[in-house]
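Participant: One structure follows; several queries about it will come next.
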Amino acid sequence: MVKKAEINVEGMHCGSCATLISRALQRTPGVLAANVNYASRKARVEFDESLLDEQRLIDLIASKGYGAKIGVDPDSERRIREKEISDLKITLAFSALFAVPAFLFGMVFMDVPYHVLLLFLLATPVQFVVGKNFYLGAWSALKNRIGTMDTLIAVGTSAAYGYSVAAMFGLVTEQYFETAAVLITLVVLGKYLEAVAKGRTSDAIRKLMGLAPKVATVVRDGREVEVPIEEVVVGDLLLVSPGEKVPVDGTVVEGRSAVDESMITGESIPVEKAAGSTVIGGTINKNGVLRFEAARVGTDTVLSQIVRLVEDAQGSKADIQRFADRISGIFVPIVIVISAITFVAWYFALGMSFPFALMVAVAVLVIACPCALGLATPTAIMVGTGIGAQKGILIKNAESLEMMHKVDAVVFDKTGTITEGKPRVTDFLAAGPEGDLPSLIGYAYAVERNSEHPLADAITEYAREQGANPGEAREFEAIPGFGVAATVDGRSIYLGKPERGTLDAETAAVVGRLQDEGKTAMILKVDGTPSAIIGVADTIKATSARAVEDLKNLGIETWMITGDNEKTARAIANIAGIENVFAEVLPQDKAEYVKRLQEKGHKVVMVGDGINDAPALAQADIGIAMGSGTDVAMEAGSVVLMRSDPLDVPQAIRLGRATIRKIRQNMAWALVYNVIGIPIAAGLLYPAFGLLLSPIIAGGTMALSSVSVVTNALTLRWARFWVTA
């Protein structure tokens, strides 16, 4: 049996650490898939439960020199992050306490008595107390036959420190104690700033988790009792007062109120609730008192499922990240080789002094750090999926977010996606001598409220909205395939299909026009005389046309797919602004039409909400499911729109494009930084321009690279790519 485990990993210092753990897990018999995310410090593992268990996975990670825990709750995870930041702050303060005086005595006050001994006393605590973790990390990497950031820092600072000890005993003339101490301090400063910035990339998850109330008011044995949220069970009757959060998902049994669901759906307007309405845990009751029956509790609530989806997406790996992982795996050994070649070239080939060659080699080691490369993709993915969740767009995996920028065709299902999914009266026109519209609406109301036909619901709802007064219908008769008839207030009333040959030219023309517009036309007869023409249609959503226009502005073709006849389909498509239509398509054939577009070279998004859309959603490059749709459709879709708003389709694509831009910027910065930084640190510009990077400047630049990548990802939160209806 396949099982999934999420493991919190402690002690990772760079992308190479994540690569090491991933490889170790993937090579373990019984592990089907493993992904370690350096930014979120989580390992997600799929394994065969008959061959492995979670404890063996933890032991495997521990054997590589890292800490591992299963099932860390959100509060514990927050405390772990806060402790990590606090520990780094203390370590930074301790390191700076010695490194700053060392820098001053080494670079400014160089004539004080016992100068070198004083520097030795200041640098040694930094090298071996603060730097202990670098040595432990380097040793662990060596045992696993890979290189990490710890390897570069440990080798570089040890070379500078060791040479300085030799100077203290008079074996050589120059010392670099302050260089080693300041380097380690700068690295710790970079790790501290990085930890603070990385913490902000998870803000969306923390905000979502913070929505869940801690207690609930439950009615038991006729008494209102406040209990911890964990004790609420399905079937409990709960009470929510104005201003309180709805504790779990359920169905209202008593009361009326407006509920703010913006934190779940992104929809700012409160939703009216009454008996029979569904309420979602974590939303806020605005005014009235609601009693509702618990339907989903614990991990089954919508909020818990959203959190799980976002966590899965943030932990997933995009293709571009796999490229970074491959580079990280070979990066450190290459840098060490470059550093060695640099030393040999300057000392032996070019005849420079040993201290000069050593410091240049150390600068190469220090400036080259794989951290920025390892953070480039996951930080942007975490921020992007978090923004989506806050806007009601749930993106299930990094691949979908990454694929968004390639999309050039969107296929919309019609019913429930482009349209509201239920018929509404669009036209109620008087015809013939009976021109009193209120009376005619009342007649229609009277006969149709006895019918169970779907179109009858549309007419009765329209009549109620118009404030019509229905008379009493007698001798009601449903005429299969045609309509309904009854006697109302002594008048003979028929409402149903227009009968050919019984309409005058003017009425027939109106009926034809309504049908051309894709509407169902019905005739209301009073005492056998056509008196009103009623047009009923599944109207398009208010934002459908805006969504299509927005997609066109993004350079994306739009299609509509439906089982309706060509005439009706074209009418709806024209209103929405969609030029391409697949009409009269059987449900089981929708996936085939998506495939045809893919075979023409299109990258296709399929948007749908029904069970019959699931195969097409799975076939598409990206399947977008409406949140109001079926569970099957939402499972098949890789993106879920909680508001079921077509306008969120271009929003999701725009979000994906913005995220991939940030990833590319981060990758470019990380790669260009090393491509330019390493040659400069190696002294390439020294012969012509006298330009040389000291190890201290190289260390500061290295720390800046990681912080800049995370900060750039965070700017996605303020990017102006979102539009409103």
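All residue names refer to the structure tokens as shown: chains lettered A, B, ... in order, residues numbered from 1 in each chain, ligands numbered from 1 in order.
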Would you please give, as a count of residues only, all residues of range 242-433 of chain A that DSSP assigns to strand (DSSP E or B) based on the backbone?
Facilitator: 41
Participant: Out of range 214-404 of chain A, which residues get helix (DSSP H, G or I) from DSSP, as a ChimeraX atom specification?
Facilitator: /A:229-231,262-265,298-300,302-315,319-349,354-367,371-390,398-404
Participant: Which one is closest to Gly384 in chain A: A:Val337, A:Leu365, A:Ile653, A:Ala545? Count only C-alpha atoms.
Facilitator: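 Once distances to Gly384 in chain A are computed over only C-alpha atoms, the minimum belongs to A:Ile653.
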Participant: To one decimal place in Å, what is the distance between CA of Ala141 in chain A and CA of Thr157 in chain A?
Facilitator: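 One can read the CA of Ala141 in chain A to CA of Thr157 in chain A distance as 17.0 Å.
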Participant: Considering only C-alpha atoms, state which residue in the set A:Val447, A:Val410, A:Ala372, A:Val488 is at the smallest distance from Val672 in chain A.
Facilitator: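 Selected residue with least distance to Val672 in chain A: A:Ala372.
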Participant: What gap, in Å, lies between CA of Val675 in chain A and CA of Thr711 in chain A?
Facilitator: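 Distance between the two atoms: 21.1 Å.
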Participant: With only C-alpha atoms as the counted atoms, please give the residues lying no more than 12 Å from Glu244 in chain A, apart from itself and same-chain residues fewer than 4 positions off, as a PDB file with N, CA, C and O atoms, in the first residue's frame.
Facilitator:
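Contents of out_22.pdb, as written:
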```pdb
ATOM      1  N   LEU A 211      -7.163  31.016  10.659  1.00  0.00           N
ATOM      2  CA  LEU A 211      -8.611  31.209  10.503  1.00  0.00           C
ATOM      3  C   LEU A 211      -9.414  30.236  11.358  1.00  0.00           C
ATOM      4  O   LEU A 211     -10.540  30.525  11.738  1.00  0.00           O
ATOM      5  N   ALA A 212      -8.833  29.071  11.591  1.00  0.00           N
ATOM      6  CA  ALA A 212      -9.576  28.032  12.309  1.00  0.00           C
ATOM      7  C   ALA A 212      -9.775  28.432  13.772  1.00  0.00           C
ATOM      8  O   ALA A 212      -8.813  28.705  14.486  1.00  0.00           O
ATOM      9  N   PRO A 213     -11.032  28.498  14.240  1.00  0.00           N
ATOM     10  CA  PRO A 213     -11.280  28.831  15.648  1.00  0.00           C
ATOM     11  C   PRO A 213     -10.823  27.703  16.569  1.00  0.00           C
ATOM     12  O   PRO A 213     -10.717  26.549  16.145  1.00  0.00           O
ATOM     13  N   LYS A 214     -10.562  28.052  17.790  1.00  0.00           N
ATOM     14  CA  LYS A 214     -10.070  27.056  18.752  1.00  0.00           C
ATOM     15  C   LYS A 214     -11.205  26.373  19.521  1.00  0.00           C
ATOM     16  O   LYS A 214     -11.040  25.250  20.003  1.00  0.00           O
ATOM     17  N   VAL A 215     -12.356  27.073  19.652  1.00  0.00           N
ATOM     18  CA  VAL A 215     -13.480  26.515  20.418  1.00  0.00           C
ATOM     19  C   VAL A 215     -14.763  26.653  19.614  1.00  0.00           C
ATOM     20  O   VAL A 215     -14.832  27.410  18.640  1.00  0.00           O
ATOM     21  N   ALA A 216     -15.785  25.909  20.025  1.00  0.00           N
ATOM     22  CA  ALA A 216     -17.093  25.961  19.370  1.00  0.00           C
ATOM     23  C   ALA A 216     -18.183  25.871  20.429  1.00  0.00           C
ATOM     24  O   ALA A 216     -17.998  25.227  21.476  1.00  0.00           O
ATOM     25  N   THR A 217     -19.331  26.510  20.154  1.00  0.00           N
ATOM     26  CA  THR A 217     -20.486  26.410  21.056  1.00  0.00           C
ATOM     27  C   THR A 217     -21.415  25.329  20.507  1.00  0.00           C
ATOM     28  O   THR A 217     -21.987  25.473  19.420  1.00  0.00           O
ATOM     29  N   LEU A 239     -23.951  26.556  17.554  1.00  0.00           N
ATOM     30  CA  LEU A 239     -24.503  27.907  17.608  1.00  0.00           C
ATOM     31  C   LEU A 239     -23.388  28.903  17.289  1.00  0.00           C
ATOM     32  O   LEU A 239     -22.300  28.835  17.864  1.00  0.00           O
ATOM     33  N   VAL A 240     -23.661  29.838  16.361  1.00  0.00           N
ATOM     34  CA  VAL A 240     -22.678  30.872  16.018  1.00  0.00           C
ATOM     35  C   VAL A 240     -23.329  32.237  16.175  1.00  0.00           C
ATOM     36  O   VAL A 240     -24.317  32.545  15.503  1.00  0.00           O
ATOM     37  N   SER A 257     -28.523  35.084   8.390  1.00  0.00           N
ATOM     38  CA  SER A 257     -27.390  35.974   8.617  1.00  0.00           C
ATOM     39  C   SER A 257     -26.629  36.152   7.315  1.00  0.00           C
ATOM     40  O   SER A 257     -26.886  35.466   6.322  1.00  0.00           O
ATOM     41  N   ALA A 258     -25.703  37.080   7.318  1.00  0.00           N
ATOM     42  CA  ALA A 258     -24.734  37.224   6.223  1.00  0.00           C
ATOM     43  C   ALA A 258     -23.388  36.751   6.754  1.00  0.00           C
ATOM     44  O   ALA A 258     -23.009  37.078   7.885  1.00  0.00           O
ATOM     45  N   VAL A 259     -22.688  35.976   5.953  1.00  0.00           N
ATOM     46  CA  VAL A 259     -21.412  35.403   6.386  1.00  0.00           C
ATOM     47  C   VAL A 259     -20.299  35.882   5.459  1.00  0.00           C
ATOM     48  O   VAL A 259     -20.413  35.811   4.231  1.00  0.00           O
ATOM     49  N   ASP A 260     -19.236  36.393   6.062  1.00  0.00           N
ATOM     50  CA  ASP A 260     -18.067  36.848   5.307  1.00  0.00           C
ATOM     51  C   ASP A 260     -17.205  35.634   4.962  1.00  0.00           C
ATOM     52  O   ASP A 260     -16.582  35.041   5.835  1.00  0.00           O
ATOM     53  N   GLY A 281     -16.266  26.362   7.719  1.00  0.00           N
ATOM     54  CA  GLY A 281     -15.459  26.636   8.900  1.00  0.00           C
ATOM     55  C   GLY A 281     -14.400  27.686   8.627  1.00  0.00           C
ATOM     56  O   GLY A 281     -13.739  27.671   7.596  1.00  0.00           O
ATOM     57  N   GLY A 282     -14.230  28.628   9.582  1.00  0.00           N
ATOM     58  CA  GLY A 282     -13.233  29.677   9.433  1.00  0.00           C
ATOM     59  C   GLY A 282     -13.805  30.979   8.919  1.00  0.00           C
ATOM     60  O   GLY A 282     -13.167  32.019   9.009  1.00  0.00           O
ATOM     61  N   THR A 283     -15.045  30.944   8.360  1.00  0.00           N
ATOM     62  CA  THR A 283     -15.686  32.166   7.876  1.00  0.00           C
ATOM     63  C   THR A 283     -16.320  32.902   9.059  1.00  0.00           C
ATOM     64  O   THR A 283     -16.468  32.345  10.149  1.00  0.00           O
ATOM     65  N   ILE A 284     -16.687  34.167   8.839  1.00  0.00           N
ATOM     66  CA  ILE A 284     -17.135  35.012   9.953  1.00  0.00           C
ATOM     67  C   ILE A 284     -18.614  35.355   9.813  1.00  0.00           C
ATOM     68  O   ILE A 284     -19.050  35.899   8.784  1.00  0.00           O
ATOM     69  N   ASN A 285     -19.392  35.047  10.856  1.00  0.00           N
ATOM     70  CA  ASN A 285     -20.818  35.382  10.900  1.00  0.00           C
ATOM     71  C   ASN A 285     -20.957  36.869  11.210  1.00  0.00           C
ATOM     72  O   ASN A 285     -20.422  37.357  12.205  1.00  0.00           O
ATOM     73  N   LYS A 286     -21.691  37.588  10.363  1.00  0.00           N
ATOM     74  CA  LYS A 286     -21.707  39.047  10.487  1.00  0.00           C
ATOM     75  C   LYS A 286     -22.782  39.591  11.419  1.00  0.00           C
ATOM     76  O   LYS A 286     -22.507  40.440  12.248  1.00  0.00           O
ATOM     77  N   ASN A 287     -24.056  39.121  11.279  1.00  0.00           N
ATOM     78  CA  ASN A 287     -25.105  39.796  12.051  1.00  0.00           C
ATOM     79  C   ASN A 287     -26.051  38.878  12.807  1.00  0.00           C
ATOM     80  O   ASN A 287     -26.176  38.980  14.013  1.00  0.00           O
ATOM     81  N   GLY A 288     -26.723  37.944  12.139  1.00  0.00           N
ATOM     82  CA  GLY A 288     -27.714  37.118  12.832  1.00  0.00           C
ATOM     83  C   GLY A 288     -27.106  35.913  13.541  1.00  0.00           C
ATOM     84  O   GLY A 288     -25.936  35.582  13.375  1.00  0.00           O
ATOM     85  N   VAL A 289     -27.934  35.270  14.366  1.00  0.00           N
ATOM     86  CA  VAL A 289     -27.523  34.041  15.054  1.00  0.00           C
ATOM     87  C   VAL A 289     -27.869  32.845  14.165  1.00  0.00           C
ATOM     88  O   VAL A 289     -28.977  32.758  13.630  1.00  0.00           O
ATOM     89  N   LEU A 290     -26.917  31.933  13.999  1.00  0.00           N
ATOM     90  CA  LEU A 290     -27.133  30.746  13.170  1.00  0.00           C
ATOM     91  C   LEU A 290     -26.984  29.481  14.009  1.00  0.00           C
ATOM     92  O   LEU A 290     -26.070  29.381  14.838  1.00  0.00           O
TER      93      LEU A 290
END
```
Participant: Any idea what's packed within 9 Å of Ile678 in chain A, counting only C-alpha atoms, ignoring anything in its chain fewer than 4 positions away? Could you give it as a list in words?
Facilitator: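 Neighbouring residues, sequence-local ones excluded: Val335, Ile338, Ala363, Val364, Leu365, Ile367, Ala368, Tyr673, Asn674, Ala682 and Gly683 of chain A.
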Participant: Find the residues around Ser50 in chain A up to 9 Å (only C-alpha atoms counted), leave out those fewer than 6 positions away in its own chain, and share them as a CSV table (one decimal) with C-alpha atoms, in the first residue's frame.
Facilitator:
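The resulting selection_3.csv:
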```
chain,number,residue,atom,x,y,z
A,1,MET,CA,0.0,0.0,0.0
A,2,VAL,CA,1.4,3.4,-1.0
A,30,GLY,CA,10.5,1.0,-1.1
```
Participant: Measuring between only C-alpha atoms, which one of A:Ala456, A:Ala295, A:Ala670, A:Ala96 shows the shortest distance to Val707 in chain A?
Facilitator: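 Between A:Ala456, A:Ala295, A:Ala670, A:Ala96, the residue approaching Val707 in chain A most closely is A:Ala670.
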Participant: For each of A:Val710, A:Met642, A:Ala62, A:Val302, take the minimum atom-to-atom distance to Met667 in chain A, counting only C-alpha atoms, then give the residue where this is smallest.
Facilitator: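 So, comparing all the options, the nearest one is A:Val710.
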Participant: Quick check, in Å to one decimal: how far apart do CA of Ile418 in chain A and CA of Pro646 in chain A lie?
Facilitator: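 For CA of Ile418 in chain A relative to CA of Pro646 in chain A, the distance reads 6.8 Å.
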Participant: Using only C-alpha atoms, can you tell me which of A:Val640, A:Ala473, A:Leu394, A:Ile540 comes closest to Asn574 in chain A?
Facilitator: A:Ile540
Participant: Between A:Gly147, A:Thr419, A:Ala698, A:Ala458, which is the closest to Ala576 in chain A once you count only C-alpha atoms?
Facilitator: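 Looking only at the distances to Ala576 in chain A, the closest residue turns out to be A:Thr419.
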Participant: So that I can see what lies close to Thr426 in chain A, please list as a VMD selection string the residues with an atom at most 9 Å from it, counting only C-alpha atoms and leaving out residues fewer than 6 positions away in the same chain.
Facilitator: chain A and resid 519 534 to 537 539
Participant: Range 106-113 of chain A: which residues within 10 Å, counting only C-alpha atoms, same-chain residues fewer than 5 positions away excluded, as a count of residues only?
Facilitator: 9
